>>> print(open('input12.cif').read())   # mmCIF, C-alpha atoms
data_start
loop_
_atom_site.label_atom_id
_atom_site.label_comp_id
_atom_site.auth_asym_id
_atom_site.auth_seq_id
_atom_site.Cartn_x
_atom_site.Cartn_y
_atom_site.Cartn_z
CA MET A 1 0.00 0.00 0.00
CA PHE A 2 1.19 3.52 -0.75
CA ARG A 3 0.30 6.74 1.04
CA VAL A 4 0.66 10.05 -0.75
CA GLY A 5 0.68 13.38 1.05
CA LEU A 6 -0.18 16.13 -1.43
CA LEU A 7 -0.82 19.58 0.06
CA HIS A 8 -1.74 17.92 3.37
CA ARG A 9 -4.36 15.74 1.71
CA GLN A 10 -3.93 12.05 2.40
CA VAL A 11 -4.73 9.58 -0.37
CA GLN A 12 -4.45 5.83 0.02
CA ARG A 13 -4.75 3.29 -2.73
CA LEU A 14 -4.01 -0.33 -3.35
CA HIS A 15 -2.81 -1.40 -6.75
CA PRO A 16 -5.59 -3.51 -8.25
CA CYS A 17 -4.72 -6.81 -9.81
CA GLY A 18 -3.62 -6.35 -13.38
CA GLU A 19 -2.40 -2.75 -13.14
CA ILE A 20 1.22 -1.93 -13.74
CA PHE A 21 2.74 -0.06 -10.80
CA GLY A 22 4.10 2.58 -13.15
CA GLN A 23 0.56 3.55 -14.16
CA ASP A 24 -0.22 4.59 -10.61
CA LEU A 25 -1.21 8.10 -9.51
CA LEU A 26 2.25 8.69 -8.07
CA GLN A 27 3.76 9.10 -11.53
CA ARG A 28 1.23 11.61 -12.71
CA LEU A 29 1.02 14.05 -9.78
CA GLY A 30 2.17 17.54 -10.67
CA GLY A 31 3.01 16.42 -14.19
CA HIS A 32 6.17 14.84 -12.82
CA ARG A 33 6.89 11.43 -14.31
CA TRP A 34 8.93 9.60 -11.73
CA PRO A 35 9.27 5.96 -12.69
CA PHE A 36 8.88 3.28 -10.10
CA GLY A 37 12.27 1.83 -9.44
CA CYS A 38 13.97 5.22 -9.11
CA ASP A 39 16.12 5.42 -5.99
CA GLY A 40 14.66 8.58 -4.52
CA GLY A 41 17.03 8.49 -1.58
CA THR A 42 20.03 9.31 -3.77
CA LEU A 43 18.54 11.68 -6.36
CA ALA A 44 18.00 15.41 -6.10
CA PRO A 45 15.09 16.93 -8.05
CA GLY A 46 15.87 16.95 -11.76
CA GLN A 47 18.62 14.33 -11.53
CA ARG A 48 18.49 11.01 -13.34
CA PRO A 49 19.40 7.61 -11.97
CA ARG A 50 22.66 6.02 -13.05
CA ARG A 51 22.30 4.01 -16.23
CA GLY A 52 22.58 0.29 -15.79
CA ALA A 53 21.86 0.50 -12.07
CA LEU A 54 19.29 -1.68 -10.35
CA PRO A 55 16.55 0.89 -9.58
CA LEU A 56 15.07 0.76 -6.10
CA PHE A 57 13.14 2.86 -3.62
CA ARG A 58 15.05 2.68 -0.33
CA ARG A 59 13.89 5.61 1.79
CA ARG A 60 10.56 6.02 3.40
CA GLN A 61 10.08 9.66 2.41
CA THR A 62 11.30 11.75 -0.49
CA ALA A 63 10.37 15.36 -1.20
CA TYR A 64 9.83 16.57 -4.76
CA ALA A 65 8.50 19.72 -6.44
CA SER A 66 10.02 22.14 -3.93
CA GLY A 67 8.59 20.26 -1.00
CA ARG A 68 4.97 20.39 -2.14
CA LEU A 69 4.85 16.66 -2.87
CA THR A 70 5.89 14.08 -0.33
CA ILE A 71 5.83 10.40 -1.20
CA ALA A 72 5.89 7.96 1.68
CA VAL A 73 6.73 4.41 0.67
CA ARG A 74 6.09 1.86 3.37
CA LYS A 75 8.31 -0.79 1.91
CA GLU A 76 10.95 -1.18 -0.76
CA THR A 77 9.17 -0.93 -4.10
CA ARG A 78 10.20 -1.64 -7.67
CA MET A 79 8.63 -1.31 -11.06
CA ARG A 80 7.03 -4.73 -11.40
CA VAL A 81 4.36 -6.51 -13.38
CA PRO A 82 1.81 -7.79 -10.81
CA TYR A 83 0.82 -11.44 -10.96
CA THR A 84 0.38 -12.68 -7.39
CA ARG A 85 -3.41 -12.51 -7.44
CA LEU A 86 -3.49 -14.99 -10.29
CA SER A 87 -3.70 -18.68 -9.50
CA ARG A 88 -0.96 -20.92 -10.88
CA ALA A 89 -3.39 -22.20 -13.53
CA GLU A 90 -4.32 -18.66 -14.56
CA LEU A 91 -0.68 -17.59 -14.72
CA ASP A 92 0.26 -20.65 -16.78
CA GLN A 93 -2.60 -19.85 -19.17
CA GLN A 94 -1.45 -16.25 -19.54
CA LEU A 95 2.11 -17.34 -20.26
CA SER A 96 1.04 -19.90 -22.89
CA PRO A 97 0.59 -17.68 -25.95
CA SER A 98 0.12 -20.63 -28.29
CA ARG A 99 -3.25 -21.31 -26.63
CA SER A 100 -4.66 -17.97 -27.79
CA ALA A 101 -2.88 -17.71 -31.15
CA LYS A 102 -4.82 -18.27 -34.36
CA ASP A 103 -2.34 -20.63 -36.06
CA PHE A 104 1.01 -20.64 -34.30
CA MET A 105 2.13 -23.91 -35.89
CA GLY A 106 1.37 -22.53 -39.32
CA VAL A 107 3.39 -19.38 -38.65
CA LEU A 108 6.40 -21.33 -37.35
CA ALA A 109 6.25 -23.79 -40.27
CA ARG A 110 6.15 -20.88 -42.73
CA HIS A 111 9.12 -19.21 -41.09
CA GLU A 112 11.11 -22.44 -41.14
CA ALA A 113 10.35 -22.98 -44.84
CA GLU A 114 11.27 -19.38 -45.70
CA THR A 115 14.55 -19.75 -43.83
CA ALA A 116 15.42 -23.06 -45.54
CA ALA A 117 14.67 -21.57 -48.97
CA LEU A 118 17.44 -18.99 -48.50
CA ASP A 119 20.10 -21.64 -49.14
CA SER A 120 18.95 -22.16 -52.73
CA ALA A 121 18.53 -18.47 -53.57
CA GLY A 122 21.41 -17.74 -55.91
CA GLU A 123 21.05 -13.97 -55.63
CA LEU A 124 21.90 -14.05 -51.92
CA ALA A 125 25.24 -14.38 -50.18
CA ARG A 126 24.96 -16.94 -47.37
CA TRP A 127 27.22 -18.00 -44.53
CA ARG A 128 25.79 -20.89 -42.51
CA ASP A 129 26.61 -22.03 -38.99
CA VAL A 130 29.31 -19.49 -38.22
CA ALA A 131 30.78 -20.60 -34.87
CA CYS A 132 30.84 -17.92 -32.16
CA GLY A 133 31.40 -20.14 -29.13
CA PRO A 134 32.14 -23.73 -28.09
CA GLY A 135 28.52 -24.91 -27.83
CA ALA A 136 26.84 -26.80 -30.64
CA ARG A 137 24.10 -24.16 -30.85
CA GLN A 138 26.44 -21.18 -30.58
CA ARG A 139 26.19 -20.45 -34.27
CA TYR A 140 24.71 -17.78 -36.51
CA ASP A 141 23.60 -17.62 -40.14
CA VAL A 142 24.32 -14.57 -42.30
CA THR A 143 22.34 -13.53 -45.36
CA ALA A 144 23.51 -10.49 -47.31
CA PRO A 145 23.30 -8.88 -50.73
CA ARG A 146 26.04 -10.13 -53.02
CA GLY A 147 28.93 -7.70 -53.07
CA ALA A 148 27.65 -5.80 -50.05
CA ALA A 149 30.01 -3.38 -48.35
CA GLY A 150 29.19 -1.45 -45.20
CA ALA A 151 25.59 -2.65 -45.16
CA PRO A 152 23.34 -2.25 -42.12
CA CYS A 153 22.34 -5.53 -40.48
CA LEU A 154 19.32 -6.87 -38.62
CA VAL A 155 20.19 -9.53 -36.04
CA PHE A 156 17.26 -11.67 -34.89
CA ILE A 157 17.09 -13.73 -31.66
CA HIS A 158 14.39 -16.40 -31.65
CA GLY A 159 11.97 -17.11 -28.81
CA GLY A 160 10.75 -20.29 -27.14
CA PHE A 161 11.06 -19.37 -23.45
CA TRP A 162 14.82 -20.04 -23.72
CA GLN A 163 14.01 -23.79 -23.99
CA GLU A 164 12.82 -24.25 -27.55
CA GLY A 165 13.28 -22.73 -30.97
CA SER A 166 16.16 -22.44 -33.38
CA LYS A 167 17.88 -20.07 -35.76
CA ASP A 168 16.55 -22.41 -38.45
CA TRP A 169 13.25 -20.51 -38.40
CA SER A 170 14.81 -17.07 -37.85
CA GLY A 171 15.42 -16.09 -41.48
CA PHE A 172 11.86 -15.11 -42.39
CA ALA A 173 12.84 -11.42 -42.66
CA ALA A 174 16.10 -12.02 -44.55
CA ARG A 175 14.72 -11.42 -48.07
CA SER A 176 13.08 -8.17 -47.01
CA CYS A 177 16.38 -7.08 -45.52
CA VAL A 178 18.35 -7.90 -48.66
CA ARG A 179 15.84 -6.08 -50.88
CA ALA A 180 16.46 -3.00 -48.73
CA GLY A 181 20.23 -3.39 -48.99
CA TRP A 182 20.57 -4.87 -45.52
CA ALA A 183 22.21 -8.02 -44.22
CA HIS A 184 20.39 -10.36 -41.85
CA VAL A 185 21.72 -12.62 -39.10
CA GLY A 186 19.79 -15.41 -37.35
CA LEU A 187 21.37 -16.02 -33.97
CA GLY A 188 21.42 -19.35 -32.14
CA TYR A 189 22.13 -20.10 -28.50
CA THR A 190 22.28 -23.03 -26.08
CA LEU A 191 18.85 -23.85 -24.70
CA ALA A 192 17.81 -24.36 -21.09
CA PRO A 193 18.14 -26.46 -19.04
CA GLU A 194 21.49 -27.29 -20.68
CA ALA A 195 22.49 -23.66 -20.13
CA PRO A 196 21.30 -21.40 -17.31
CA LEU A 197 19.68 -18.12 -18.31
CA ALA A 198 22.69 -16.09 -17.19
CA GLY A 199 24.82 -18.26 -19.47
CA ILE A 200 22.45 -17.66 -22.38
CA VAL A 201 22.72 -13.89 -21.90
CA ALA A 202 26.51 -14.28 -21.95
CA GLU A 203 26.30 -16.33 -25.16
CA ILE A 204 24.26 -13.61 -26.88
CA ALA A 205 26.82 -11.01 -25.84
CA ALA A 206 29.66 -13.20 -27.11
CA ALA A 207 27.90 -13.78 -30.44
CA LEU A 208 27.31 -10.06 -30.97
CA THR A 209 30.92 -9.29 -30.12
CA HIS A 210 32.06 -11.96 -32.57
CA LEU A 211 29.78 -10.64 -35.30
CA ARG A 212 31.00 -7.07 -34.84
CA GLY A 213 34.59 -8.29 -34.99
CA HIS A 214 34.00 -10.16 -38.27
CA ALA A 215 31.38 -7.85 -39.79
CA GLY A 216 33.66 -6.82 -42.65
CA ASP A 217 33.84 -10.45 -43.82
CA TYR A 218 30.13 -10.26 -44.63
CA GLY A 219 29.98 -6.70 -45.95
CA ILE A 220 28.37 -5.44 -42.73
CA ASN A 221 29.02 -2.13 -41.03
CA PRO A 222 29.56 -3.06 -37.35
CA ASP A 223 28.16 0.30 -36.23
CA ARG A 224 24.86 -0.22 -38.07
CA ILE A 225 23.68 -3.43 -36.42
CA VAL A 226 20.09 -3.46 -35.13
CA LEU A 227 19.26 -6.15 -32.59
CA ALA A 228 15.76 -7.66 -32.64
CA GLY A 229 14.28 -10.41 -30.51
CA HIS A 230 10.95 -12.16 -30.12
CA SER A 231 9.45 -13.35 -26.82
CA ALA A 232 12.39 -14.85 -24.90
CA GLY A 233 14.61 -13.36 -27.59
CA ALA A 234 13.22 -9.92 -26.79
CA HIS A 235 14.21 -10.47 -23.16
CA LEU A 236 17.75 -11.31 -24.30
CA ALA A 237 17.94 -8.23 -26.51
CA ALA A 238 16.67 -6.03 -23.67
CA ALA A 239 19.21 -7.63 -21.33
CA ILE A 240 21.97 -6.50 -23.68
CA LEU A 241 20.73 -2.90 -23.60
CA ALA A 242 20.39 -3.11 -19.80
CA GLY A 243 24.10 -3.93 -19.61
CA LEU A 244 23.66 -7.51 -18.45
CA GLY A 245 25.97 -8.71 -21.22
CA GLY A 246 28.72 -6.18 -20.48
CA ASP A 247 29.32 -2.47 -20.72
CA GLU A 248 30.54 -2.20 -24.32
CA LEU A 249 27.65 -3.63 -26.33
CA PRO A 250 24.67 -1.46 -25.30
CA GLY A 251 25.92 1.67 -27.04
CA ALA A 252 27.69 -0.19 -29.83
CA LEU A 253 24.47 -1.31 -31.51
CA ALA A 254 22.37 1.01 -33.66
CA GLY A 255 19.00 0.11 -32.14
CA TYR A 256 16.80 -2.48 -30.50
CA VAL A 257 13.48 -4.04 -31.58
CA LEU A 258 11.72 -5.86 -28.75
CA ILE A 259 8.79 -8.01 -29.85
CA SER A 260 6.33 -9.56 -27.38
CA GLY A 261 8.96 -9.93 -24.70
CA VAL A 262 9.10 -10.66 -20.98
CA TYR A 263 11.14 -8.10 -19.04
CA ASP A 264 10.09 -8.83 -15.45
CA LEU A 265 10.94 -12.48 -14.81
CA ALA A 266 9.10 -12.85 -11.51
CA PRO A 267 5.85 -14.03 -13.17
CA VAL A 268 7.85 -16.40 -15.38
CA ALA A 269 9.65 -17.87 -12.37
CA ALA A 270 6.29 -18.55 -10.71
CA SER A 271 4.87 -20.38 -13.75
CA TYR A 272 5.28 -23.68 -15.56
CA VAL A 273 8.11 -22.13 -17.60
CA ASN A 274 10.39 -22.38 -14.59
CA ASP A 275 9.91 -26.12 -14.21
CA ARG A 276 12.79 -26.57 -16.68
CA LEU A 277 14.33 -23.12 -16.63
CA GLY A 278 15.18 -23.38 -12.93
CA LEU A 279 15.40 -19.69 -12.07
CA SER A 280 15.92 -18.88 -8.40
CA PRO A 281 14.22 -15.75 -7.01
CA GLY A 282 17.58 -14.00 -6.96
CA GLU A 283 18.32 -14.91 -10.57
CA ALA A 284 14.88 -13.73 -11.65
CA GLU A 285 15.67 -10.35 -10.07
CA ARG A 286 19.19 -10.03 -11.46
CA LEU A 287 18.16 -10.98 -14.99
CA SER A 288 15.02 -8.81 -15.29
CA PRO A 289 15.67 -5.88 -17.66
CA LEU A 290 12.69 -4.08 -16.14
CA LEU A 291 14.71 -3.63 -12.94
CA TYR A 292 17.47 -1.74 -14.77
CA TRP A 293 17.79 1.50 -16.60
CA PRO A 294 19.10 1.16 -20.18
CA ALA A 295 22.90 1.34 -20.18
CA ALA A 296 22.97 3.49 -23.33
CA ASP A 297 20.61 5.93 -25.01
CA ARG A 298 19.82 3.96 -28.17
CA PRO A 299 16.57 3.80 -30.18
CA VAL A 300 14.12 1.17 -28.91
CA HIS A 301 10.96 -0.01 -30.63
CA LEU A 302 8.57 -2.32 -28.77
CA LEU A 303 6.06 -4.35 -30.75
CA ILE A 304 3.11 -6.30 -29.33
CA GLY A 305 0.00 -7.86 -30.80
CA ALA A 306 -3.30 -6.53 -29.49
CA ASP A 307 -4.60 -10.12 -29.35
CA GLU A 308 -1.79 -11.36 -27.09
CA PRO A 309 -2.44 -12.41 -23.48
CA ASP A 310 -2.53 -9.64 -20.91
CA ALA A 311 0.64 -10.96 -19.28
CA PHE A 312 2.66 -10.13 -22.39
CA ARG A 313 1.00 -6.79 -23.12
CA ARG A 314 1.65 -5.58 -19.57
CA GLN A 315 5.32 -6.48 -19.87
CA SER A 316 5.75 -4.25 -22.92
CA ASP A 317 3.70 -1.45 -21.37
CA ALA A 318 5.85 -1.51 -18.24
CA LEU A 319 9.16 -1.41 -20.08
CA ALA A 320 8.01 1.37 -22.40
CA LEU A 321 6.85 3.39 -19.41
CA LEU A 322 10.02 2.97 -17.36
CA TRP A 323 12.61 3.25 -20.13
CA GLY A 324 10.68 6.12 -21.67
CA ARG A 325 11.93 8.20 -18.74
CA GLU A 326 15.53 7.66 -19.84
CA LEU A 327 15.53 7.17 -23.63
CA ARG A 328 15.07 9.93 -26.18
CA ARG A 329 13.79 7.55 -28.88
CA ILE A 330 11.40 4.84 -27.74
CA SER A 331 8.14 3.69 -29.31
CA LEU A 332 5.50 1.06 -28.63
CA ALA A 333 3.26 -0.35 -31.37
CA ARG A 334 0.17 -2.41 -30.50
CA ILE A 335 -1.06 -4.05 -33.68
CA PRO A 336 -4.80 -4.88 -33.92
CA GLY A 337 -5.59 -8.43 -34.99
CA ARG A 338 -2.07 -9.73 -34.32
CA ASP A 339 -1.25 -12.48 -31.85
CA HIS A 340 2.03 -13.53 -30.26
CA PHE A 341 3.25 -15.25 -33.43
CA ASP A 342 1.86 -13.52 -36.49
CA VAL A 343 2.91 -10.16 -35.04
CA LEU A 344 6.33 -11.07 -36.47
CA ASP A 345 4.94 -10.42 -39.95
CA GLU A 346 5.07 -6.71 -39.09
CA MET A 347 8.83 -6.99 -39.52
CA THR A 348 8.42 -7.72 -43.22
CA ARG A 349 5.22 -5.86 -44.12
CA PRO A 350 6.14 -2.95 -46.43
CA GLY A 351 5.28 0.37 -44.87
CA SER A 352 4.64 -1.02 -41.38
CA GLU A 353 5.71 1.13 -38.46
CA THR A 354 8.10 -1.54 -37.27
CA TRP A 355 9.85 -1.95 -40.63
CA THR A 356 10.08 1.82 -41.03
CA ARG A 357 11.67 2.22 -37.61
CA ILE A 358 14.16 -0.59 -38.30
CA LEU A 359 15.27 1.20 -41.46
CA ARG A 360 15.69 4.47 -39.57
CA MET A 361 17.82 2.80 -36.91
CA GLY A 362 20.15 1.44 -39.58
CA GLN A 363 20.48 4.81 -41.22
CA ALA A 364 21.27 6.52 -37.94
CA GLY A 365 23.87 3.97 -36.87
#
>>> encode(input="input12.cif", output="structure tokens")
Amino acid sequence: MFRVGLLHRQVQRLHPCGEIFGQDLLQRLGGHRWPFGCDGGTLAPGQRPRRGALPLFRRRQTAYASGRLTIAVRKETRMRVPYTRLSRAELDQQLSPSRSAKDFMGVLARHEAETAALDSAGELARWRDVACGPGARQRYDVTAPRGAAGAPCLVFIHGGFWQEGSKDWSGFAARSCVRAGWAHVGLGYTLAPEAPLAGIVAEIAAALTHLRGHAGDYGINPDRIVLAGHSAGAHLAAAILAGLGGDELPGALAGYVLISGVYDLAPVAASYVNDRLGLSPGEAERLSPLLYWPAADRPVHLLIGADEPDAFRRQSDALALLWGRELRRISLARIPGRDHFDVLDEMTRPGSETWTRILRMGQAG
């Protein structure tokens, strides 16, 4: 419970189930947008929190707006996506997007076929299974225009709750990229439970570092790489921008596209997903991008289908709200009629907001 003293008027409210903390009255009072997670005990009015830091409230009272607004926080509070009023069955349902999707198997089969067809396309330059680490899945596939030099590149990280999926269905946007003069990379990684989530984040960082170091071999400009991820892949991409993969990568990439991701891992750790993932409460905290400020001011575009479960839509809303306090260029697109899987088609639809923003990121890199 939070108590707000505004001009000596006491207001009490409980956050109802399903509301994101950041949408609370506290952020709107006096027109001052103060994101939950900000450590008010160490910030003077007008200051920003340190990038990459774990944002927390630690003090009971903090004065803002020349003393006119006093916020009393009874306990340590963070920007979180509420879930505790859901039963385990309800939470599992919310975090099972295939149950509400129109034809998820059809979408995945189409993406796999489109990726496989790239190998026989003579107009494309292809590099398959480029090793970027010792693991069997630590590989990436490159597709580029023939004779490319200094081309921008879209790197895609697949989803599957870190336990399923493959780069073998990650090339569905490659032809669209090549037609626009871009290269495309489908990134693989070791799956859980063989690798812990912290290890997977480290693998993604290592793969991106390897790609940047060898970008010239594929006609790619290492400063014009845009990182995109879907579902669990969006978490991994956000983790890179949050600095969880090291300090050098966040600002080295030209932009980030986060599609239907999970950024607060507490609900995930309380669901069926964790039966194999094996996240401890501490790991769920440390690996949640929502609990960090972005480590660099880079363009971010969030994409979510309007037909996705509430659990996924709230994750994107929360991250857009919190990181919007720190980033100059951040956008959130909610696409009517799209579910958790066919929302990926927005990446290849000519004229879509997502495709347009990807192109802008590559130009600005």
>>> closest_residue(input="input12.cif", among="A:Arg313, A:His340, A:Arg179, A:His235", to="Asp103 in chain A", atoms="all atoms listed in the file")
A:His340
>>> residues_around(input="input12.cif", residues="Ala195 in chain A", least_positions_apart="2", cutoff="12 Å", atoms="all atoms listed in the file", output="list in words")
Gly135, Ala136, Arg137, Gln138, Trp162, Gln163, Tyr189, Thr190, Leu191, Ala192, Pro193, Leu197, Ala198, Gly199, Ile200, Val201, Ala202, Glu203, Arg276, Leu277, Gly278 and Leu279 of chain A
>>> write_last_selection(input="input12.cif", atoms="C-alpha atoms", output="CSV table (one decimal), in the frame of the given file")
chain,number,residue,atom,x,y,z
A,135,GLY,CA,28.5,-24.9,-27.8
A,136,ALA,CA,26.8,-26.8,-30.6
A,137,ARG,CA,24.1,-24.2,-30.8
A,138,GLN,CA,26.4,-21.2,-30.6
A,162,TRP,CA,14.8,-20.0,-23.7
A,163,GLN,CA,14.0,-23.8,-24.0
A,189,TYR,CA,22.1,-20.1,-28.5
A,190,THR,CA,22.3,-23.0,-26.1
A,191,LEU,CA,18.8,-23.8,-24.7
A,192,ALA,CA,17.8,-24.4,-21.1
A,193,PRO,CA,18.1,-26.5,-19.0
A,197,LEU,CA,19.7,-18.1,-18.3
A,198,ALA,CA,22.7,-16.1,-17.2
A,199,GLY,CA,24.8,-18.3,-19.5
A,200,ILE,CA,22.4,-17.7,-22.4
A,201,VAL,CA,22.7,-13.9,-21.9
A,202,ALA,CA,26.5,-14.3,-22.0
A,203,GLU,CA,26.3,-16.3,-25.2
A,276,ARG,CA,12.8,-26.6,-16.7
A,277,LEU,CA,14.3,-23.1,-16.6
A,278,GLY,CA,15.2,-23.4,-12.9
A,279,LEU,CA,15.4,-19.7,-12.1
>>> resolve_selection(input="input12.cif", expression="the PyMOL selection byres ((chain A and resi 141-148) around 9)", output="PyMOL selection string")
chain A and resi 118+123-130+139-140+149-151+153+167-168+171+174-175+177-179+181-188+218-220
>>> residues_around(input="input12.cif", residues="Leu86 in chain A", least_positions_apart="2", cutoff="12 Å", atoms="only C-alpha atoms", output="PyMOL selection string")
chain A and resi 16-18+81-84+88-95+267+270-271+310-311
>>> resolve_selection(input="input12.cif", expression="the PyMOL selection byres ((chain A and resi 239) around 12)", output="PyMOL selection string")
chain A and resi 52+197-198+200-205+227-229+232-238+240-247+249-250+256+258+261-265+286-296+319
>>> atom_distance(input="input12.cif", atom1="CA of Leu108 in chain A", atom2="CA of Trp169 in chain A")
7.0 Å
>>> closest_residue(input="input12.cif", among="A:Val343, A:Ala101, A:Ile358, A:Cys132", to="Leu211 in chain A", atoms="all atoms listed in the file")
A:Cys132
>>> closest_residue(input="input12.cif", among="A:Leu322, A:Ala131, A:Ile259, A:Ala252", to="His210 in chain A", atoms="only C-alpha atoms")
A:Ala131
>>> closest_residue(input="input12.cif", among="A:Pro97, A:Pro350, A:Gly165, A:Pro134", to="His111 in chain A", atoms="all atoms listed in the file")
A:Gly165
>>> atom_distance(input="input12.cif", atom1="CA of Asp345 in chain A", atom2="CA of Val268 in chain A")
25.5 Å
>>> closest_residue(input="input12.cif", among="A:Glu164, A:Asp119, A:Glu112, A:Asp342", to="Ser260 in chain A", atoms="only C-alpha atoms")
A:Asp342
>>> resolve_selection(input="input12.cif", expression="the PyMOL selection byres ((chain A and resi 334) around 6)", output="MDAnalysis selection string")
chainID A and resid 304:306 333 335
>>> closest_residue(input="input12.cif", among="A:Ser231, A:Thr354, A:Gln363, A:Thr348", to="Ser316 in chain A", atoms="all atoms listed in the file")
A:Ser231
>>> decode(input="input12.cif", residues="range 268-279 of chain A", atoms="N, CA, C and O atoms", output="tab-separated table (two decimals), in the first residue's frame")
chain	number	residue	atom	x	y	z
A	268	VAL	N	7.34	-15.22	-14.68
A	268	VAL	CA	7.85	-16.40	-15.38
A	268	VAL	C	8.36	-17.43	-14.38
A	268	VAL	O	8.10	-18.63	-14.51
A	269	ALA	N	9.09	-16.96	-13.37
A	269	ALA	CA	9.65	-17.87	-12.37
A	269	ALA	C	8.58	-18.55	-11.53
A	269	ALA	O	8.84	-19.60	-10.92
A	270	ALA	N	7.38	-17.97	-11.48
A	270	ALA	CA	6.29	-18.55	-10.71
A	270	ALA	C	5.39	-19.45	-11.55
A	270	ALA	O	4.40	-19.97	-11.04
A	271	SER	N	5.73	-19.65	-12.82
A	271	SER	CA	4.87	-20.38	-13.75
A	271	SER	C	5.50	-21.71	-14.17
A	271	SER	O	6.62	-22.05	-13.77
A	272	TYR	N	4.79	-22.40	-15.04
A	272	TYR	CA	5.28	-23.68	-15.56
A	272	TYR	C	6.60	-23.54	-16.30
A	272	TYR	O	7.39	-24.50	-16.40
A	273	VAL	N	6.88	-22.35	-16.83
A	273	VAL	CA	8.11	-22.13	-17.60
A	273	VAL	C	9.33	-22.45	-16.75
A	273	VAL	O	10.34	-22.96	-17.25
A	274	ASN	N	9.24	-22.19	-15.46
A	274	ASN	CA	10.39	-22.38	-14.59
A	274	ASN	C	10.63	-23.82	-14.19
A	274	ASN	O	11.64	-24.13	-13.56
A	275	ASP	N	9.72	-24.71	-14.54
A	275	ASP	CA	9.91	-26.12	-14.21
A	275	ASP	C	11.21	-26.64	-14.82
A	275	ASP	O	11.92	-27.46	-14.23
A	276	ARG	N	11.54	-26.17	-16.02
A	276	ARG	CA	12.79	-26.57	-16.68
A	276	ARG	C	13.83	-25.47	-16.67
A	276	ARG	O	15.03	-25.74	-16.72
A	277	LEU	N	13.38	-24.22	-16.61
A	277	LEU	CA	14.33	-23.12	-16.63
A	277	LEU	C	15.13	-23.05	-15.34
A	277	LEU	O	16.33	-22.77	-15.36
A	278	GLY	N	14.47	-23.29	-14.20
A	278	GLY	CA	15.18	-23.38	-12.93
A	278	GLY	C	15.70	-22.07	-12.38
A	278	GLY	O	16.76	-22.05	-11.74
A	279	LEU	N	14.97	-20.98	-12.60
A	279	LEU	CA	15.40	-19.69	-12.07
A	279	LEU	C	15.15	-19.62	-10.56
A	279	LEU	O	14.05	-19.92	-10.09
